[in-house]
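Structure, as structure tokens:
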Amino acid sequence: MTDPAQEITNITVLLVDDNPQNLKVLYETLKDKGYRLLIANDGEKALDLAHRHTPEVILLDIMMPELDGYQVCERLKADPVTADCAVVFLSALDDVGAKVRGFSLGGADYISKPFQAQEVIARVKTHAQVTRLERELQARNRQLESDQARILNSISEGIYGLNKEGRIIFANPAAATIVRSSADELIGKNFFELHFGRPEQKLDDLPAHATCCQGLAEKQRGVEMLRADGTRFPAEYCSTPKREGDELYGAVVVFSDITAELENEKALDDARTMVQEQRDQLAHVSRLTTMGEMAAGVAHEVNQPLTAITNYARVAKRMISKDEPDLPLLAETLEKIEAQSHRASEVIRRIRGFMKKPAAGKEVLSLTSLLEDTRQFAEVDIRNNEGGVEVTVADNVQEVYADPVQVQQVALNLIRNALEATRSAQSSEPVRVNVTMPDSKFVRVEVTDSGTGLADEDEAKLFLPFFTTKADGMGIGLPMCRSLIQAQGGEIGYQRPETPGACFFFTLPAAKTEAVEV
């Protein structure tokens with residue numbers, strides 16, 4: 001005869017009653033039956049134990065203080081972890097209404113007090129076995145659903161079952177559609193001959209051959225395969241060995257026609273190229289616009305050395321016309337002419353450098369010299385140069401790897417915005433440009449002004465196209481700056497400074513000599 005305790009191994013039963021004597025009787029009744037017994041003397045403890053241990057059966061007293069048995073049962077059934085526990089109510093209430101209410105809340109059974117030991121044993125055993133079988137069935141169903149999901153996920157791809165010789169023993173409808181044949185016609189054909197003809201190369205070099213013969217899994221993309229009608233198509237395939245124990249029986253090959261994908265990838269690459277070209281063109285137009293806005297300042301800056309050159313040249317001419325010219329004074333005058341010509345040339349150099357389109361792309365460059373050029377260029381704008389610009393570069397700042405023209409365009413845009421904000425606030429404080437290196441990978445440039453700052457609701461919209469806080473702004477400057485900085489591999493943003501004003505920053509990747517070709 002089979003030992004009952006062996007039939008119910010690992011069954012957990014939770015005993016719930018606020019009466020210690022009742023708990024003792026229940027415990028003594030079931031302690032030798034092979035169950036794992038848990039005890040709770042109130043509803044909250046019962047819920048906690050049930051959630052942590054998921055017992056198969058819960059013997060639950062109805063008449064308890066605070067949470068009664070009905071409330072406990074309702075919460076047990078609402079919890080997905082304990083919803084499948086078999087709840088058996090225990091109560092001295094033997095009226096039909098009490099029983100109906102218990103069953104309506106999800107109770108599985110009802111035992112009236114005072115209860116009989118044999119009745120309790122029999123009912124617990126029955127409900128424990130039923131709950132155990134239901135849980136095993138649910139686990140099996142979940143496994144079957146998981147297996148079915150994997151199969152369904154492969155429905156749109158072709159699937160072959162191959163034997164060790166490479167003959168097709170199974171083909172799904174998707175495989176037949178891709179190959180332009182029927183599944184019945186594919187069965188029995190040699191996979192390698194069907195899809196690769198009779199190639200000159202060895203069979204060992206063909207896709208999935210090593211899987212069939214050696215049990216080696218493979219995955220490739222862009223393999224050219226033949227259809228049944230002789231046409232070719234690019235494919236992606238994955239082959240998995242089919243084994244039973246240690247013996248190899250062939251392979252399962254999952255493949256798909258990627259013609260459309262490759263066409264889409266090419267179209268996407270073309271679109272990216274076009275976007276990049278348009279972005280470069282827009283950046284160049286933005287530089288021309290900036291140059292137009294600064295035209296008066298540039299003319300003033302260039303006119304000063306040219307006027308000086310003209311005046312010095314007249315002085316030199318008069319000196320030469322004398323019978324005994326003062327040669328040292330003449331030499332000094334000519335040096336001044338040369339100095340002023342260099343000054344004019346430097347202004348023109350900065351203009352030409354800013355106006356040109358990037359030609360060589362990214363390069364290793366020093367932010368110190370680039371920002372100094374930018375500072376001088378920004379201060380040419382006579383409308384905004386009252387406070388000036390201060391550039392501070394930390395000692396540990398390394399060179400960066402970026403496009404100098406595009407970086408200068410971003411820096412100039414932020415500095416000019418800062419100058420304008422400072423002037424609008426009628427402040428004489430200079431715009432501060434600080435360059436630091438917070439880590440070994442990036443250099444950070446911060447541009448801080450002494451203006452009125454930004455409203456809280458404007459911060460999230462700063463880099464959106466066509467959003468602007470200026471009365472005459474178009475809202476393309478900051479979005480363009482973000483595009484240019486992201487193209488360098490950095491990021492750009494805004495942070496609220498401790499003092500009144502605004503602070504914009506951008507980062508650039510530090511140049512690593514061993515990894516960058518210059």
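Going by the structure tokens order, chains are called A, B, ..., each with residues numbered from 1, while ligands are numbered from 1 in the order shown.
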
query = Could you write out, as a ChimeraX atom specification, all the residues of stretch 111-189 of chain A that DSSP marks as helix (DSSP H, G or I)?
reply = /A:117-153,173-179,183-186

Would you mind exporting C-alpha atoms of the selected residues as a compact mmCIF listing (two decimals), in the first residue's frame?
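Saved as out_9.txt:
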```txt
# COMPACT_ATOMS: atom_id res chain seq x y z
CA ALA A 117 -10.56 15.25 11.83
CA GLN A 118 -11.17 12.74 9.06
CA GLU A 119 -13.25 15.27 7.12
CA VAL A 120 -10.49 17.87 7.36
CA ILE A 121 -7.85 15.34 6.26
CA ALA A 122 -9.91 14.15 3.29
CA ARG A 123 -10.82 17.59 2.04
CA VAL A 124 -7.30 18.98 2.40
CA LYS A 125 -5.89 16.00 0.51
CA THR A 126 -8.41 16.38 -2.32
CA HIS A 127 -7.91 20.14 -2.75
CA ALA A 128 -4.12 19.84 -2.46
CA GLN A 129 -4.00 17.29 -5.27
CA VAL A 130 -6.36 19.35 -7.44
CA THR A 131 -4.32 22.54 -6.92
CA ARG A 132 -1.07 20.70 -7.64
CA LEU A 133 -2.48 19.24 -10.88
CA GLU A 134 -3.85 22.64 -11.93
CA ARG A 135 -0.47 24.28 -11.37
CA GLU A 136 1.33 21.58 -13.33
CA LEU A 137 -1.18 22.01 -16.15
CA GLN A 138 -0.69 25.79 -16.13
CA ALA A 139 3.08 25.37 -16.28
CA ARG A 140 2.73 22.97 -19.20
CA ASN A 141 0.40 25.39 -20.97
CA ARG A 142 2.85 28.23 -20.48
CA GLN A 143 5.61 26.09 -22.00
CA LEU A 144 3.41 25.17 -24.96
CA GLU A 145 2.47 28.82 -25.46
CA SER A 146 6.14 29.76 -25.40
CA ASP A 147 6.99 27.10 -27.98
CA GLN A 148 4.08 28.19 -30.15
CA ALA A 149 5.19 31.82 -29.94
CA ARG A 150 8.66 30.93 -31.19
CA ILE A 151 7.17 29.09 -34.13
CA LEU A 152 4.79 31.93 -34.95
CA ASN A 153 7.64 34.41 -34.85
CA PRO A 173 4.84 27.67 -46.57
CA ALA A 174 7.01 30.78 -46.26
CA ALA A 175 10.00 28.88 -47.68
CA ALA A 176 7.91 27.79 -50.64
CA THR A 177 6.76 31.36 -51.26
CA ILE A 178 10.29 32.75 -51.18
CA VAL A 179 11.62 30.02 -53.48
CA ALA A 183 6.38 22.79 -50.14
CA ASP A 184 5.71 19.33 -51.62
CA GLU A 185 8.06 19.98 -54.54
CA LEU A 186 10.82 21.11 -52.20
```

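Neighbours of A:Glu244 closer than or equal to 12 Å, with only C-alpha atoms counted and sequence neighbours fewer than 6 positions away skipped, come out as Gly215, Gly250 and Ala251 of chain A.
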
Saved selection, atoms kept: N, CA and C atoms, as an mmCIF file, in the first residue's frame:
```cif
data_model
loop_
_atom_site.group_PDB
_atom_site.id
_atom_site.type_symbol
_atom_site.label_atom_id
_atom_site.label_comp_id
_atom_site.auth_asym_id
_atom_site.auth_seq_id
_atom_site.Cartn_x
_atom_site.Cartn_y
_atom_site.Cartn_z
ATOM 1 N N GLY A 215 27.722 19.937 -37.215
ATOM 2 C CA GLY A 215 26.955 20.452 -36.089
ATOM 3 C C GLY A 215 27.343 21.846 -35.666
ATOM 4 N N GLY A 250 21.167 16.442 -38.723
ATOM 5 C CA GLY A 250 21.027 17.405 -39.804
ATOM 6 C C GLY A 250 20.989 18.814 -39.268
ATOM 7 N N ALA A 251 20.134 19.642 -39.887
ATOM 8 C CA ALA A 251 20.102 21.050 -39.500
ATOM 9 C C ALA A 251 18.726 21.649 -39.747
#
```

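You will find atom CA of A:Asn163 at 5.8 Å from atom CA of A:Tyr249.
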
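The closest residue to A:Ala425, picked from A:Asp439, A:Asp449, A:Asp458, A:Glu261 and counting only C-alpha atoms, is A:Asp449.
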
message = For a quick check of understanding, using only C-alpha atoms, which of A:Glu429, A:Leu38, A:Arg444, A:Gln486 has the smallest distance to A:Pro500?
response = A:Glu429

query = Can you tell me, as a ChimeraX atom specification, what residues are no more than 9 Å from A:Ile168 when counting only C-alpha atoms, ignoring any on the same chain fewer than 6 positions away?
reply = /A:160-162,186-191

Could you take the residues named above and write them with C-alpha atoms, as a compact mmCIF listing (two decimals), in the first residue's frame?
```txt
# COMPACT_ATOMS: atom_id res chain seq x y z
CA TYR A 160 13.94 24.06 -43.82
CA GLY A 161 14.60 20.85 -42.02
CA LEU A 162 17.68 19.15 -43.57
CA LEU A 186 10.82 21.11 -52.20
CA ILE A 187 10.74 17.95 -50.09
CA GLY A 188 13.52 15.57 -51.11
CA LYS A 189 15.60 18.12 -53.03
CA ASN A 190 19.19 18.81 -52.11
CA PHE A 191 19.42 22.19 -50.38
```
